[in-house]
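Chemist: Sharing a structure with you now.
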Amino acid sequence: MKAAFGTMLFPKPENCKELTLPHQRKLSIPDLPGAAPAFLTNHLATSKSPNCILVVYPNPIIAQQFPTDFSAFSQYSATYFPMQNAVEENGEENSTRLLIARELASLNSELENGSSKEEVFEKHKGPKILSASVHALLQPIPDVEKTELNSLLLKPDEDCNQEEFIAWILEHGYKRAPEVFDKCVVAIKGGIIDIWPPTEKQPLRIEFFDDIVESIRTFDAETQRSTKKIFSANIIPATIPRQKKKLLIDLLPKETIILWEDSNDIDDTSYPIPADALAAGHSFAGLRERLDRRNDIYELFAGDPPPPGIPTAALPISASGLQAIDLSHSSHSIDPELISKQRAIIIDSLTKQCADKKTSVYICLDTEGTLEHLASELGDTPLKLQLAPISGGFSYKSGNHKYVYLSQADLYGRSKRPVSDTNAYGESLQISSP
């Protein structure tokens, strides 16, 4: 059994014709169950060549699962755009928002200055893929320009008044501590200053000789040991300023595709609009007006019923057709034998479907231990067991062939993996699986 990653779970291009959609500025499509939004997004990324794809969910918990789902199907990477941390202005979520805003600003600049799409794709390793809750879209974005203007660039062997540097650090939101274990914290140890800027993957150790920067190294926050010597460091404020009137959608480049997942629930008032969004005068209606003024963005609305007045297109994507094990409202959680029997019924049904060679079944598991256990339990089987955590199963039909994807939660009633965004910034925003 080989671990699956990237395109290993995705059908060959010749088997994806049924995913082709009409070229419409707005289009309604059927509901996308489980990890199907990530499946469709990968097809859009490879076939439409957009500059950016933004997948919007009505709930931040579900939006946070998307990058992990996407990694199972694509060679590209996806990043979760989190909600602004309203309690701590220098929270980890806010630095992620800044990094994304910075990348989008750079992407727009390159496109406006005449870079070809091929050049942009090569530099950014494909289109920019984002997931977010609609509530994150309503919050003001970080001010990239102001943040850069307020930053300090340090280099070894250059002058830097140590007392002035310490005063600047404390004035710009860093918290002083004996040791640095978290972002936005500084430890001052005589001629050595340990500091963790919010956009850095690792903290920095800056050594001074009088008022000259002698060296800059990264270090491991857990062991406190230096890891690598670097030749410059951009120290940004811990408290990141924001542009109250600007939203993420204002930074989206031309030829962006927005996929609204569960679009009929996107303005669900059961999840409150963030206070900072309300304070800045942003609303669902205002967000819609901004998008309607842009004619260089394409929108897909997945859900039932479809929005009125928008053309519809069929997609051969549906639920897996199997009754997955659900422990959320059941006493089955204390009866492993019953759960095992239900799993055997599902496995038997899937095996029968594979008999005519017109069905491919991928069982996507969260851990190597579960994969090895199930492989031992099944023995010789036509089912494909893969190490590829996904949030839920679905099926896709191409001509006479059917592809069925099942998640670990479908077979065991509950996922064992944590939900986390898998961005490129070293952030770790984890919550327990629902």
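Going by the structure tokens order, chains are called A, B, ..., each with residues numbered from 1, while ligands are numbered from 1 in the order shown.
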Would you please extract all strand (DSSP E) residues from stretch 95-191 of chain A, as assigned by DSSP on the backbone, and give them as a list of chain:residue names?

Modeler: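 Residues of stretch 95-191 of chain A classed as strand (DSSP E): A:Lys128, A:Ile129, A:Leu130, A:Ser131, A:Ala132, A:Ser133, A:Ile141, A:Pro142, A:Leu152, A:Leu153, A:Leu154, A:Lys175, A:Arg176, A:Val185, A:Val186, A:Ala187, A:Ile188, A:Lys189.
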
Chemist: Skip A:Asn161 itself and residues of its chain fewer than 4 positions away, then list as a list in words all residues within 9 Å of it, counting only C-alpha atoms.

Modeler: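 The residues that qualify are Phe165, Ile166, Asp210, Asp211 and Ile212 of chain A.
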
Chemist: With N, CA, C and O atoms retained, could you export that selection as a CSV table (one decimal), in the first residue's frame?

Modeler:
```csv
chain,number,residue,atom,x,y,z
A,165,PHE,N,16.2,50.0,19.6
A,165,PHE,CA,15.5,48.8,19.0
A,165,PHE,C,14.6,48.2,20.0
A,165,PHE,O,13.5,47.8,19.7
A,166,ILE,N,15.1,48.1,21.3
A,166,ILE,CA,14.2,47.5,22.3
A,166,ILE,C,13.0,48.4,22.6
A,166,ILE,O,11.9,47.8,22.7
A,210,ASP,N,27.9,45.9,21.2
A,210,ASP,CA,27.6,47.3,21.3
A,210,ASP,C,26.3,47.7,20.5
A,210,ASP,O,25.3,47.0,20.7
A,211,ASP,N,26.4,48.6,19.5
A,211,ASP,CA,25.3,48.9,18.7
A,211,ASP,C,25.4,48.4,17.3
A,211,ASP,O,25.0,49.0,16.3
A,212,ILE,N,26.1,47.3,17.2
A,212,ILE,CA,26.2,46.6,15.8
A,212,ILE,C,25.6,45.2,15.9
A,212,ILE,O,25.8,44.5,16.9
```

Chemist: May I have a table of the residues of stretch 4-54 of chain A lying at most 6 Å from stretch 302-324 of chain A, giving each one's closest pair of atoms and their distance in Å to one decimal, counting only C-alpha atoms, ordered by chain and ascending residue number, as a tab-separated table?

Modeler:
```
residue	atom	partner	partner_atom	distance
A:Leu27	CA	A:Pro311	CA	5.4
A:Ser28	CA	A:Thr312	CA	4.5
A:Ile29	CA	A:Ala302	CA	4.9
A:Pro30	CA	A:Ala302	CA	5.4
A:Asp31	CA	A:Gly303	CA	4.2
A:Pro33	CA	A:Ala319	CA	5.8
```

Chemist: Excluding stretch 8-19 of chain A and its own-chain neighbours fewer than 2 positions away, which residues fall within 8 Å of it when counting only C-alpha atoms? Please give them as a VMD selection string.

Modeler: chain A and resid 4 to 6 21 39 to 40 43 72 to 74 315 to 316 362 397 to 399

Chemist: Please save N, CA, C and O atoms of the selected residues as a PDB file, in the first residue's frame.

Modeler:
```pdb
ATOM      1  N   ALA A   4      -1.076   8.031  -0.486  1.00  0.00           N
ATOM      2  CA  ALA A   4      -1.549   8.859  -1.595  1.00  0.00           C
ATOM      3  C   ALA A   4      -1.275  10.314  -1.301  1.00  0.00           C
ATOM      4  O   ALA A   4      -1.429  10.776  -0.193  1.00  0.00           O
ATOM      5  N   PHE A   5      -0.853  11.018  -2.312  1.00  0.00           N
ATOM      6  CA  PHE A   5      -0.723  12.457  -2.154  1.00  0.00           C
ATOM      7  C   PHE A   5      -0.871  13.081  -3.530  1.00  0.00           C
ATOM      8  O   PHE A   5      -0.648  12.450  -4.553  1.00  0.00           O
ATOM      9  N   GLY A   6      -1.277  14.344  -3.545  1.00  0.00           N
ATOM     10  CA  GLY A   6      -1.411  15.050  -4.805  1.00  0.00           C
ATOM     11  C   GLY A   6      -2.393  14.396  -5.741  1.00  0.00           C
ATOM     12  O   GLY A   6      -3.528  14.103  -5.380  1.00  0.00           O
ATOM     13  N   LEU A  21     -17.437  22.922 -17.087  1.00  0.00           N
ATOM     14  CA  LEU A  21     -18.587  23.785 -16.855  1.00  0.00           C
ATOM     15  C   LEU A  21     -18.664  24.867 -17.924  1.00  0.00           C
ATOM     16  O   LEU A  21     -17.631  25.297 -18.453  1.00  0.00           O
ATOM     17  N   PHE A  39     -12.169  18.337  -4.627  1.00  0.00           N
ATOM     18  CA  PHE A  39     -12.073  17.568  -5.868  1.00  0.00           C
ATOM     19  C   PHE A  39     -12.356  18.467  -7.068  1.00  0.00           C
ATOM     20  O   PHE A  39     -11.592  18.507  -8.038  1.00  0.00           O
ATOM     21  N   LEU A  40     -13.453  19.225  -7.002  1.00  0.00           N
ATOM     22  CA  LEU A  40     -13.818  20.123  -8.102  1.00  0.00           C
ATOM     23  C   LEU A  40     -12.815  21.264  -8.227  1.00  0.00           C
ATOM     24  O   LEU A  40     -12.451  21.661  -9.341  1.00  0.00           O
ATOM     25  N   HIS A  43      -9.850  20.359 -10.271  1.00  0.00           N
ATOM     26  CA  HIS A  43     -10.145  20.354 -11.707  1.00  0.00           C
ATOM     27  C   HIS A  43     -10.164  21.779 -12.254  1.00  0.00           C
ATOM     28  O   HIS A  43      -9.620  22.046 -13.329  1.00  0.00           O
ATOM     29  N   ALA A  72      -5.249  15.999  -0.868  1.00  0.00           N
ATOM     30  CA  ALA A  72      -5.448  14.607  -1.279  1.00  0.00           C
ATOM     31  C   ALA A  72      -5.611  14.482  -2.790  1.00  0.00           C
ATOM     32  O   ALA A  72      -5.369  13.414  -3.349  1.00  0.00           O
ATOM     33  N   PHE A  73      -5.999  15.573  -3.457  1.00  0.00           N
ATOM     34  CA  PHE A  73      -6.331  15.494  -4.879  1.00  0.00           C
ATOM     35  C   PHE A  73      -5.403  16.307  -5.776  1.00  0.00           C
ATOM     36  O   PHE A  73      -5.441  16.137  -6.991  1.00  0.00           O
ATOM     37  N   SER A  74      -4.611  17.192  -5.231  1.00  0.00           N
ATOM     38  CA  SER A  74      -3.921  18.162  -6.073  1.00  0.00           C
ATOM     39  C   SER A  74      -2.421  18.226  -5.831  1.00  0.00           C
ATOM     40  O   SER A  74      -1.929  17.943  -4.736  1.00  0.00           O
ATOM     41  N   LEU A 315     -23.631  18.393 -12.573  1.00  0.00           N
ATOM     42  CA  LEU A 315     -22.331  17.778 -12.348  1.00  0.00           C
ATOM     43  C   LEU A 315     -22.554  16.350 -11.864  1.00  0.00           C
ATOM     44  O   LEU A 315     -23.426  16.119 -11.024  1.00  0.00           O
ATOM     45  N   PRO A 316     -21.770  15.390 -12.365  1.00  0.00           N
ATOM     46  CA  PRO A 316     -21.962  13.992 -11.936  1.00  0.00           C
ATOM     47  C   PRO A 316     -21.265  13.697 -10.602  1.00  0.00           C
ATOM     48  O   PRO A 316     -20.568  12.705 -10.449  1.00  0.00           O
ATOM     49  N   TYR A 362     -11.892   4.266  -3.518  1.00  0.00           N
ATOM     50  CA  TYR A 362     -10.750   4.727  -2.729  1.00  0.00           C
ATOM     51  C   TYR A 362     -11.209   4.935  -1.287  1.00  0.00           C
ATOM     52  O   TYR A 362     -12.100   5.730  -1.023  1.00  0.00           O
ATOM     53  N   LYS A 397     -19.019  10.266 -11.420  1.00  0.00           N
ATOM     54  CA  LYS A 397     -19.220   9.352 -12.535  1.00  0.00           C
ATOM     55  C   LYS A 397     -18.699   9.967 -13.824  1.00  0.00           C
ATOM     56  O   LYS A 397     -19.043  11.087 -14.182  1.00  0.00           O
ATOM     57  N   SER A 398     -17.834   9.215 -14.504  1.00  0.00           N
ATOM     58  CA  SER A 398     -17.265   9.638 -15.780  1.00  0.00           C
ATOM     59  C   SER A 398     -17.609   8.594 -16.832  1.00  0.00           C
ATOM     60  O   SER A 398     -17.075   7.488 -16.821  1.00  0.00           O
ATOM     61  N   GLY A 399     -18.527   8.933 -17.719  1.00  0.00           N
ATOM     62  CA  GLY A 399     -18.990   7.950 -18.704  1.00  0.00           C
ATOM     63  C   GLY A 399     -19.634   6.775 -18.011  1.00  0.00           C
ATOM     64  O   GLY A 399     -20.564   6.924 -17.221  1.00  0.00           O
TER      65      GLY A 399
END
```

Chemist: From a backbone DSSP assignment, name each residue in stretch 53-185 of chain A labelled helix (DSSP H, G or I), as a ChimeraX atom specification.

Modeler: /A:60-71,92-112,117-124,134-137,144-149,162-171

Chemist: Excluding A:Ala78 and residues on its chain fewer than 3 positions from it, collect all residues at most 7 Å away from it, counting only C-alpha atoms, and give them as an MDAnalysis selection string.

Modeler: chainID A and resid 67 70 129:130 423

Chemist: Using only C-alpha atoms, pick whichever of A:Tyr396, A:Phe209, A:Tyr298, A:Phe284 has the shortest atom-to-atom distance to A:Ile258.

Modeler: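 Going through A:Tyr396, A:Phe209, A:Tyr298, A:Phe284 one by one, the smallest distance to A:Ile258 is for A:Tyr298.
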